[in-house]
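Heads up: the structure comes next, in structure tokens.
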Amino acid sequence: MERKTLTASADQLVSAIASIGYDPEVALCDLLDNSIDAKAKNVDLTFVSDSSNDGDPDAIIAYVIADDGLGMDRDAVVNAFTLGTKRYRPPGSLGKFGLGMKSAGLSLGSRITIISKKTGAELIAGILSLEEISEDYFIQLGSPSERELDIWNRHRRQDESGTVLYIDGVQESAPARQSFVKYFRRHVGNIFHLFLEDQENPLVINVDGDAVQPIDPLFIAEASGNGDLPPQLSNWTGQTVHWLMHDVDFNLGIDNVNPTRIAATHLIHPPSFTTERRAKAQHYQIDADPYTRRLRHGFYIYRNRRVIVLAERFMGIVPQDQKAWAFRGRLMFDESADQALALDVKKRKCFLPKGARNALRSAINSYTTLSQNAWKEAGEHVDRVRGRNSDSTANEVIENSGVASLGYSPATDPSVIVDSAARAQAQTRIANVTLRDAGLGSEAVEETLRQGQYVQTVQGMRGNVLWASVPSVQLGLHQTLVNVQNSWASTAYAAAQNDQRLKVVLHQIFTMLARADLELRTSPVPQVSIVDVEKILDRYRKAVSRIAEEMADSFEAQLNDPDLTLTDSQNSN
């Protein structure tokens with residue numbers, strides 16, 4: 001059989017590399033890796049906006065990364081643009097495949113310009129333009145033109161050596177500059193925090209002129225100062241960070257992989273902070289990221305001290321449930337684990353073999369349980385201290401509106417004569433079904449109704465529905481059950497612990513939904529049979545509950561918008 005050499009269409013190949021699927025922040029951090037590998041001590045990242053008269057000042061038209069690293073000569077520039085470069089990478093290097101600069105850069109824009117200088121060497125420029133590539137893969141290489149000199153002089157650091165990376169031809173899908181820059185500083189602070197904290201070899205990363213502050217996702221310095229999580233969870237205030245599992249070497253049972261470092265901490269419980277101190281609680285990044293809406297709890301995976309994967313829960317080792325939000329773990333690997341972890345080109349995803357996952361689960365299970373129990377204890381304490389006042393106010397609003405009385409009939413057609421006995425019979429039937437689905441007794445519900453509790457939260461209902469109606473014919477009153485096992489309701493009522501206004505609104509929403517549901521089921525609807533009404537309402541309630549469950553992650557971030565939060569003094573009115 002003959003050996004047949006095949007040719008590849010360069011434009012198709014490079015376009016495919018550019019379409020790997022980077023998020024902008026991931027691509028930019030991949031490019032920052034090159035500056036760190038070049039021994040840079042200072043890196044400036046600038047988002048160039050459209051300053052023309054008819055341009056959008058919030059639109060990004062170019063990305064610039066300038067560093068004071070070792071710089072490159074002609075051969076190094078060629079090597080940087082070569083696809084799949086084979087070269088020696090010293091231990092601790094952040095590079096891996098030799099594709100990062102091309103794949104990350106071209107995901108941001110269609111043209112990459114490198115202008116670089118090594119100590120004692122001439123300034124060199126190289127340009128890769130996706131639009132110019134056809135059959136051959138090539139770059140423009142040589143002394144910088146007037147354009148490249150202008151870029152160099154505007155962005156270079158005043159050092160003997162260094163590199164300026166300039167990416168233009170920016171994608172139309174580029175994020176809005178103002179909101180993205182704020183998020184990106186926070187992201188970089190997480191990804192490179194160990195480099196930014198390093199006292200022996202300090203690194204400074206400036207984003208649009210402001211130095212990035214390191215953010216340790218585990219807040220280990222605070223945990224070390226506070227010690228282990230108190231064994232008596234009632235002694236925890238919910239406002240301090242503690243150790244769960246101290247930083248140790250750990251054997252995950254992966255062959256040919258150097259020792260792994262593992263640690264876990266327990267962060268804070270945001271509702272335990274007053275609204276005046278909520279900014280401090282936000283510092284710990286407990287809830288979903290306000291920009292990406294992604295959850296941030298779980299394990300942070302490091303490769304050579306650089307975070308490569310954020311908030312990995314490893315197929316349920318760390319639950320997604322809100323009670324686990326204070327748990328933070330980290331696993332620290334070096335390049336010896338690349339193959340075992342199946343690290344992808346973007347260094348964003350990794351995979352633990354089944355045996356390693358089982359070992360991790362066994363090692364960490366007791367700590368994740370402890371963290372969840374601490375969160376639950378803190379939440380119950382907040383409910384005891386603050387919940388009663390907000391609940392009583394919200395229930396008073398419902399009582400004063402009249403909607404709690406079974407005589408209130410928003411869905412009844414006044415032209416239709418209602419059979420009161422049949423209506424009462426239907427109400428009793430609905431109450432019995434709801435009580436069965438929620439696992440409650442009628443006497444307990446009637447007792448809470450006598451106490452003026454017209455909305456009751458329950459831990460689970462059949463089908464995980466959000467709300468259900470419980471009419472009490474004997475008392476002539478109506479109670480609404482809200483299922484806080486549904487993530488949407490859990491998130492909403494957790495946010496309402498500190499906001500009386502939100503509690504009133506939530507109680508009213510669910511009460512009106514439940515009452516409308518009840519009235520349609522117990523009052524004649526012209527030209528529609530009660531069987532059809534039942535079917536439609538059942539499907540509607542289940543569909544809404546399912547959609548709400550799926551929306552819970554983004555909804556939590558929206559509820560934490562500071563514009564929605566009242567101060568404690570307002571809450572007390």
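Convention: chains lettered A, B, ... in structure tokens order; per-chain residue numbering from 1; ligands numbered from 1 as shown.
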
| field | Members of region 171-242 of chain A assigned strand (DSSP E) by DSSP, as a PyMOL selection string | value | chain A and resi 204-207+210-211+242

Using only C-alpha atoms, please write the residues we just selected to a file, as a CSV table (one decimal), in the first residue's frame.
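Now in again09.csv:
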chain,number,residue,atom,x,y,z
A,204,VAL,CA,1.0,42.9,37.4
A,205,ILE,CA,-1.9,42.7,34.9
A,206,ASN,CA,-3.5,46.0,34.0
A,207,VAL,CA,-6.9,45.9,32.2
A,210,ASP,CA,-6.4,49.5,36.2
A,211,ALA,CA,-4.4,46.8,38.0
A,242,HIS,CA,-13.4,28.4,57.4

| said: Give me the residues near Tyr300 (chain A) as a list in words, where near means some atom within 7 Å (using only C-alpha atoms) and where sequence neighbours in that chain fewer than 2 positions away do not count. | reply: Gly298, Tyr302, Val307, Val309, Leu310, Ala311, Glu312, Gly329, Arg330 and Leu331 of chain A

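Counting from CA of Arg501 (chain A), the distance to CA of Val397 (chain A) is 11.0 Å.
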
Please, which residues in region 263-369 of chain A fall within 12 Å of region 220-231 of chain A when counting only C-alpha atoms, and what is the closest atom pair and distance in Å to one decimal for each, ordered by chain then residue number, as CSV?
residue,atom,partner,partner_atom,distance
A:Ala263,CA,A:Ile220,CA,9.1
A:Ala264,CA,A:Ile220,CA,8.8
A:Thr265,CA,A:Ala223,CA,6.9
A:His266,CA,A:Leu229,CA,7.3
A:Leu267,CA,A:Ala223,CA,8.4
A:Ile268,CA,A:Ala223,CA,10.8
A:Tyr284,CA,A:Glu222,CA,11.1
A:Ala326,CA,A:Leu229,CA,11.7
A:Phe327,CA,A:Leu229,CA,11.5
A:Arg328,CA,A:Ile220,CA,10.1
A:Gly329,CA,A:Ile220,CA,10.5
A:Arg330,CA,A:Ile220,CA,10.7
A:Tyr367,CA,A:Leu229,CA,10.0

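Here CA of Arg305 (chain A) is placed at a distance of 27.6 Å from CA of Lys117 (chain A).
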
| said: Considering only helix (DSSP H, G or I) as DSSP defines it on the backbone, what residues of region 121-237 of chain A qualify? List them as number ranges by chain. | reply: A: 146-155, 177-191, 193-197, 220-226, 233-235

Please, could you write that set of residues out with N, CA and C atoms as a short mmCIF file (atom, residue, chain, number, x, y, z; two decimals), in the first residue's frame?
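The resulting file, again39.cif, is reproduced below:
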data_model
loop_
_atom_site.label_atom_id
_atom_site.label_comp_id
_atom_site.auth_asym_id
_atom_site.auth_seq_id
_atom_site.Cartn_x
_atom_site.Cartn_y
_atom_site.Cartn_z
N GLU A 146 4.66 51.54 8.89
CA GLU A 146 4.20 52.70 9.66
C GLU A 146 3.05 52.32 10.58
N ARG A 147 2.15 51.43 10.09
CA ARG A 147 1.02 50.99 10.92
C ARG A 147 1.51 50.28 12.16
N GLU A 148 2.42 49.30 11.99
CA GLU A 148 2.91 48.53 13.13
C GLU A 148 3.72 49.39 14.09
N LEU A 149 4.50 50.35 13.54
CA LEU A 149 5.27 51.26 14.41
C LEU A 149 4.34 52.11 15.26
N ASP A 150 3.22 52.53 14.66
CA ASP A 150 2.26 53.34 15.40
C ASP A 150 1.65 52.51 16.54
N ILE A 151 1.29 51.25 16.25
CA ILE A 151 0.76 50.37 17.29
C ILE A 151 1.81 50.17 18.39
N TRP A 152 3.04 49.91 17.99
CA TRP A 152 4.12 49.68 18.96
C TRP A 152 4.32 50.90 19.86
N ASN A 153 4.39 52.06 19.26
CA ASN A 153 4.67 53.28 20.04
C ASN A 153 3.50 53.64 20.96
N ARG A 154 2.28 53.31 20.56
CA ARG A 154 1.12 53.64 21.39
C ARG A 154 0.92 52.67 22.55
N HIS A 155 1.33 51.44 22.39
CA HIS A 155 0.97 50.43 23.38
C HIS A 155 2.15 49.76 24.09
N ARG A 177 -18.30 46.70 25.57
CA ARG A 177 -17.04 46.96 26.26
C ARG A 177 -17.22 47.21 27.75
N GLN A 178 -18.10 48.12 28.13
CA GLN A 178 -18.18 48.57 29.51
C GLN A 178 -18.51 47.43 30.47
N SER A 179 -19.55 46.68 30.18
CA SER A 179 -19.95 45.60 31.08
C SER A 179 -18.94 44.46 31.04
N PHE A 180 -18.35 44.19 29.87
CA PHE A 180 -17.41 43.08 29.75
C PHE A 180 -16.13 43.38 30.51
N VAL A 181 -15.63 44.60 30.45
CA VAL A 181 -14.38 44.95 31.13
C VAL A 181 -14.53 44.73 32.64
N LYS A 182 -15.65 45.12 33.20
CA LYS A 182 -15.88 44.94 34.63
C LYS A 182 -15.85 43.45 34.99
N TYR A 183 -16.54 42.65 34.18
CA TYR A 183 -16.54 41.21 34.41
C TYR A 183 -15.15 40.61 34.19
N PHE A 184 -14.45 41.06 33.15
CA PHE A 184 -13.17 40.46 32.79
C PHE A 184 -12.12 40.69 33.88
N ARG A 185 -12.11 41.85 34.51
CA ARG A 185 -11.17 42.09 35.60
C ARG A 185 -11.39 41.06 36.71
N ARG A 186 -12.63 40.80 37.02
CA ARG A 186 -12.95 39.82 38.06
C ARG A 186 -12.52 38.42 37.63
N HIS A 187 -12.74 38.11 36.36
CA HIS A 187 -12.37 36.79 35.84
C HIS A 187 -10.86 36.59 35.89
N VAL A 188 -10.11 37.58 35.44
CA VAL A 188 -8.64 37.48 35.45
C VAL A 188 -8.12 37.39 36.89
N GLY A 189 -8.76 38.12 37.80
CA GLY A 189 -8.37 38.04 39.20
C GLY A 189 -8.49 36.64 39.76
N ASN A 190 -9.48 35.88 39.29
CA ASN A 190 -9.63 34.49 39.69
C ASN A 190 -8.61 33.59 39.01
N ILE A 191 -8.50 33.70 37.69
CA ILE A 191 -7.69 32.77 36.89
C ILE A 191 -6.21 32.83 37.28
N HIS A 193 -4.80 34.37 40.07
CA HIS A 193 -4.61 34.95 41.40
C HIS A 193 -3.30 34.51 42.04
N LEU A 194 -2.85 33.28 41.81
CA LEU A 194 -1.60 32.84 42.43
C LEU A 194 -0.40 33.58 41.86
N PHE A 195 -0.46 33.97 40.60
CA PHE A 195 0.62 34.76 40.00
C PHE A 195 0.58 36.20 40.52
N LEU A 196 -0.62 36.74 40.67
CA LEU A 196 -0.77 38.11 41.16
C LEU A 196 -0.39 38.23 42.64
N GLU A 197 -0.54 37.14 43.39
CA GLU A 197 -0.22 37.14 44.82
C GLU A 197 1.25 36.82 45.09
N ILE A 220 -8.40 31.34 51.03
CA ILE A 220 -7.64 30.52 51.97
C ILE A 220 -7.00 31.35 53.08
N ALA A 221 -6.58 32.57 52.78
CA ALA A 221 -5.98 33.41 53.82
C ALA A 221 -6.96 33.64 54.96
N GLU A 222 -8.23 33.89 54.63
CA GLU A 222 -9.24 34.08 55.67
C GLU A 222 -9.53 32.79 56.41
N ALA A 223 -9.61 31.69 55.65
CA ALA A 223 -9.86 30.40 56.29
C ALA A 223 -8.76 30.05 57.28
N SER A 224 -7.51 30.35 56.91
CA SER A 224 -6.39 30.05 57.80
C SER A 224 -6.46 30.87 59.07
N GLY A 225 -6.96 32.09 58.95
CA GLY A 225 -7.09 32.94 60.14
C GLY A 225 -8.23 32.53 61.04
N ASN A 226 -9.28 31.92 60.45
CA ASN A 226 -10.47 31.56 61.23
C ASN A 226 -10.49 30.11 61.69
N LEU A 233 -22.43 23.81 64.65
CA LEU A 233 -22.77 24.72 63.56
C LEU A 233 -23.57 25.92 64.03
N SER A 234 -24.27 25.80 65.14
CA SER A 234 -25.04 26.93 65.66
C SER A 234 -24.13 28.06 66.10
N ASN A 235 -22.82 27.77 66.27
CA ASN A 235 -21.87 28.82 66.66
C ASN A 235 -21.34 29.60 65.47
#

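The space between CA of Val26 (chain A) and CA of Ala80 (chain A) spans 18.9 Å.
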
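Considering only C-alpha atoms, the residue among A:Ser134, A:Gln474, A:Gly55, A:Leu203 positioned nearest to Asp67 (chain A) is A:Leu203.
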
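Using only C-alpha atoms, the shortest contact distance between Ala59 (chain A) and any of A:Gln500, A:Ser173, A:Gln479, A:Thr292 is found at A:Ser173.
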
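Of the listed residues A:Val212, A:Leu70, A:Leu518, A:Leu45, the one whose atoms come nearest to Val403 (chain A) is A:Leu518, with distances taken using only C-alpha atoms.
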
| request: Find the residues near Ala426 (chain A): any atom within 8 Å, counting only C-alpha atoms, skip ones fewer than 3 places away on the same chain, and give them as a PyMOL selection string. | output: chain A and resi 422-423+429-430+521-522

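The closest residue to Thr434 (chain A), picked from A:Val482, A:Ala281, A:Val544, A:Ile509 and counting only C-alpha atoms, is A:Val482.
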
| message | Here is a test: counting only C-alpha atoms, which residue of A:Ala438, A:Ile536, A:Val78, A:Leu108 is nearest to Ile139 (chain A)? | response | A:Val78
